[in-house]
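As structure tokens, the structure follows; a few thoughts come after it.
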Amino acid sequence: MLRQYEALLLTVPEITGDEVKNLETQLDKIVRSSTGSTISFERWGKYRLAYDVNKSEYGVYFLMRFEAPQGTQLINDMKTALKVKLNNVVMRDMIS
């Protein structure tokens with residue numbers, strides 16, 4: 001049974017188009033590896049933050065919607081990739 005998930009990402013304000021493509025590609029690859037599919041990847045825009053995160057006053061938000069089989073290792077794999085491989089771009093993340 002497939003379950004729908006959302007990942008809200010806060011990235012550095014200086015993110016480039018190439019870095020956005022790389023971020024989307026890396027996350028899509030992780031979702032597909034656990035027989036899931038990406039529904040959408042949206043850029044919400046650049047906003048002033050309530051408090052500094054990694055010494056940045058601003059951040060760019062992205063929302064990724066995807067579906068995957070329930071009970072897979074997908075969420076842990078995504079969190080690991082965001083913390084290890086994509087930590088130079090992603091400042092905060094929330095997956096539900």
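Letters A, B, ... go to the chains of the structure tokens in the order shown; residues in each chain start at 1; ligands are counted from 1 in the same order.
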
**OP:** Quick one: everything within 8 Å of Tyr47 in chain A, counting only C-alpha atoms, minus sequence neighbours fewer than 6 positions away in the same chain. Send it as a PyMOL selection string.
**Re:** chain A and resi 58-61

**OP:** With a distance cut-off of 9 Å and only C-alpha atoms, select the neighbouring residues of Ile75 in chain A, excluding the residue or stretch itself and same-chain residues fewer than 4 positions from it, and output the selection as JSON, numbers by chain.
**Re:** {"A": [79, 80, 95, 96]}

Could you take the residues named above and write them with N, CA, C and O atoms, as an mmCIF file, in the first residue's frame?
```cif
data_model
loop_
_atom_site.group_PDB
_atom_site.id
_atom_site.type_symbol
_atom_site.label_atom_id
_atom_site.label_comp_id
_atom_site.auth_asym_id
_atom_site.auth_seq_id
_atom_site.Cartn_x
_atom_site.Cartn_y
_atom_site.Cartn_z
ATOM 1 N N LYS A 79 16.654 11.305 5.267
ATOM 2 C CA LYS A 79 17.239 12.120 6.337
ATOM 3 C C LYS A 79 18.763 12.000 6.347
ATOM 4 O O LYS A 79 19.466 12.990 6.528
ATOM 5 N N THR A 80 19.278 10.797 6.118
ATOM 6 C CA THR A 80 20.720 10.601 6.062
ATOM 7 C C THR A 80 21.329 11.374 4.899
ATOM 8 O O THR A 80 22.350 12.041 5.056
ATOM 9 N N ILE A 95 10.108 15.975 7.365
ATOM 10 C CA ILE A 95 9.469 14.984 6.515
ATOM 11 C C ILE A 95 8.308 14.382 7.292
ATOM 12 O O ILE A 95 8.471 13.925 8.425
ATOM 13 N N SER A 96 7.134 14.406 6.682
ATOM 14 C CA SER A 96 5.970 13.784 7.333
ATOM 15 C C SER A 96 5.128 13.059 6.313
ATOM 16 O O SER A 96 5.158 13.309 5.159
#
```

**OP:** Using DSSP on the backbone coordinates, identify the residues of chain A assigned to strand (DSSP E); present them as number ranges by chain.
**Re:** A: 2-11, 37-53, 56-69, 90-95

Would you write out those residues with C-alpha atoms, as a tab-separated table (two decimals), in the first residue's frame?
```
chain	number	residue	atom	x	y	z
A	2	LEU	CA	1.43	3.37	-1.01
A	3	ARG	CA	1.54	6.23	1.46
A	4	GLN	CA	1.94	9.91	0.58
A	5	TYR	CA	4.70	11.94	2.22
A	6	GLU	CA	5.80	15.57	2.20
A	7	ALA	CA	9.29	16.94	2.74
A	8	LEU	CA	9.69	20.63	3.57
A	9	LEU	CA	13.25	21.82	2.99
A	10	LEU	CA	14.91	25.08	4.03
A	11	THR	CA	17.95	25.77	1.89
A	37	SER	CA	7.46	8.06	-7.09
A	38	THR	CA	7.80	11.82	-6.84
A	39	ILE	CA	4.51	13.69	-7.18
A	40	SER	CA	5.86	17.27	-7.17
A	41	PHE	CA	8.87	19.41	-6.27
A	42	GLU	CA	7.91	23.05	-5.73
A	43	ARG	CA	9.94	26.13	-4.93
A	44	TRP	CA	8.02	28.20	-2.37
A	45	GLY	CA	10.41	31.12	-2.46
A	46	LYS	CA	12.91	33.10	-0.41
A	47	TYR	CA	11.76	34.35	2.99
A	48	ARG	CA	13.20	36.22	5.95
A	49	LEU	CA	13.55	33.82	8.88
A	50	ALA	CA	12.29	34.52	12.41
A	51	TYR	CA	15.78	33.72	13.72
A	52	ASP	CA	19.15	33.09	12.10
A	53	VAL	CA	19.80	29.54	10.91
A	56	SER	CA	21.62	33.23	7.57
A	57	GLU	CA	18.76	35.71	7.92
A	58	TYR	CA	17.02	34.36	4.81
A	59	GLY	CA	16.25	30.94	3.41
A	60	VAL	CA	14.60	29.37	0.36
A	61	TYR	CA	11.79	26.86	0.98
A	62	PHE	CA	11.02	23.81	-1.17
A	63	LEU	CA	8.15	21.34	-0.81
A	64	MET	CA	8.51	17.83	-2.20
A	65	ARG	CA	5.51	15.49	-2.32
A	66	PHE	CA	6.11	11.80	-2.96
A	67	GLU	CA	4.59	8.39	-2.37
A	68	ALA	CA	6.22	5.16	-1.34
A	69	PRO	CA	5.30	1.81	0.19
A	90	VAL	CA	19.90	22.15	3.08
A	91	MET	CA	19.83	23.93	6.45
A	92	ARG	CA	16.69	22.31	7.90
A	93	ASP	CA	14.22	19.62	6.83
A	94	MET	CA	10.92	18.18	7.99
A	95	ILE	CA	9.47	14.98	6.51
```

**OP:** Using backbone DSSP assignments, extract all helix (DSSP H, G or I) residues from chain A; output them as a PyMOL selection string.
**Re:** chain A and resi 17-33+74-84

How about saving the chosen residues, N, CA and C atoms kept, as a short mmCIF file (atom, residue, chain, number, x, y, z; two decimals), in the first residue's frame?
```
data_model
loop_
_atom_site.label_atom_id
_atom_site.label_comp_id
_atom_site.auth_asym_id
_atom_site.auth_seq_id
_atom_site.Cartn_x
_atom_site.Cartn_y
_atom_site.Cartn_z
N GLY A 17 20.62 27.42 -9.51
CA GLY A 17 19.76 26.55 -10.30
C GLY A 17 20.32 25.14 -10.41
N ASP A 18 21.64 25.04 -10.57
CA ASP A 18 22.27 23.72 -10.65
C ASP A 18 22.13 22.96 -9.33
N GLU A 19 22.27 23.66 -8.22
CA GLU A 19 22.12 23.01 -6.91
C GLU A 19 20.69 22.55 -6.69
N VAL A 20 19.72 23.32 -7.18
CA VAL A 20 18.31 22.91 -7.07
C VAL A 20 18.08 21.64 -7.87
N LYS A 21 18.59 21.60 -9.10
CA LYS A 21 18.46 20.41 -9.94
C LYS A 21 19.10 19.19 -9.26
N ASN A 22 20.29 19.39 -8.70
CA ASN A 22 20.99 18.30 -8.01
C ASN A 22 20.18 17.82 -6.80
N LEU A 23 19.64 18.75 -6.03
CA LEU A 23 18.82 18.40 -4.87
C LEU A 23 17.62 17.58 -5.29
N GLU A 24 16.91 18.04 -6.31
CA GLU A 24 15.73 17.33 -6.80
C GLU A 24 16.10 15.95 -7.33
N THR A 25 17.19 15.86 -8.07
CA THR A 25 17.64 14.59 -8.64
C THR A 25 18.03 13.59 -7.56
N GLN A 26 18.80 14.05 -6.57
CA GLN A 26 19.24 13.16 -5.48
C GLN A 26 18.05 12.62 -4.70
N LEU A 27 17.09 13.49 -4.35
CA LEU A 27 15.93 13.04 -3.58
C LEU A 27 15.04 12.13 -4.41
N ASP A 28 14.88 12.43 -5.70
CA ASP A 28 14.07 11.58 -6.56
C ASP A 28 14.70 10.19 -6.69
N LYS A 29 16.02 10.14 -6.76
CA LYS A 29 16.73 8.86 -6.85
C LYS A 29 16.48 8.01 -5.60
N ILE A 30 16.48 8.64 -4.44
CA ILE A 30 16.24 7.93 -3.18
C ILE A 30 14.80 7.39 -3.15
N VAL A 31 13.84 8.21 -3.59
CA VAL A 31 12.44 7.77 -3.60
C VAL A 31 12.25 6.60 -4.56
N ARG A 32 12.84 6.70 -5.74
CA ARG A 32 12.71 5.62 -6.73
C ARG A 32 13.39 4.33 -6.29
N SER A 33 14.46 4.44 -5.49
CA SER A 33 15.16 3.24 -5.03
C SER A 33 14.30 2.40 -4.10
N LEU A 74 12.80 4.34 3.56
CA LEU A 74 12.91 5.55 2.76
C LEU A 74 13.15 6.81 3.59
N ILE A 75 12.39 7.03 4.63
CA ILE A 75 12.50 8.25 5.42
C ILE A 75 13.89 8.35 6.05
N ASN A 76 14.38 7.26 6.60
CA ASN A 76 15.73 7.27 7.19
C ASN A 76 16.80 7.52 6.13
N ASP A 77 16.63 6.95 4.94
CA ASP A 77 17.58 7.18 3.85
C ASP A 77 17.58 8.64 3.42
N MET A 78 16.39 9.24 3.35
CA MET A 78 16.31 10.66 2.96
C MET A 78 16.95 11.55 4.00
N LYS A 79 16.65 11.30 5.27
CA LYS A 79 17.24 12.12 6.34
C LYS A 79 18.76 12.00 6.35
N THR A 80 19.28 10.80 6.12
CA THR A 80 20.72 10.60 6.06
C THR A 80 21.33 11.37 4.90
N ALA A 81 20.70 11.31 3.73
CA ALA A 81 21.21 12.04 2.56
C ALA A 81 21.18 13.55 2.80
N LEU A 82 20.12 14.04 3.43
CA LEU A 82 20.03 15.48 3.69
C LEU A 82 21.08 15.94 4.69
N LYS A 83 21.39 15.09 5.65
CA LYS A 83 22.36 15.46 6.69
C LYS A 83 23.81 15.28 6.23
N VAL A 84 24.05 14.30 5.36
CA VAL A 84 25.43 13.97 4.98
C VAL A 84 25.79 14.52 3.59
#
```

**OP:** Between CA of Thr16 in chain A and CA of Lys85 in chain A, measure the distance and give it in Å to one decimal.
**Re:**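 So the two atoms, CA of Thr16 in chain A and CA of Lys85 in chain A, lie 16.6 Å apart.
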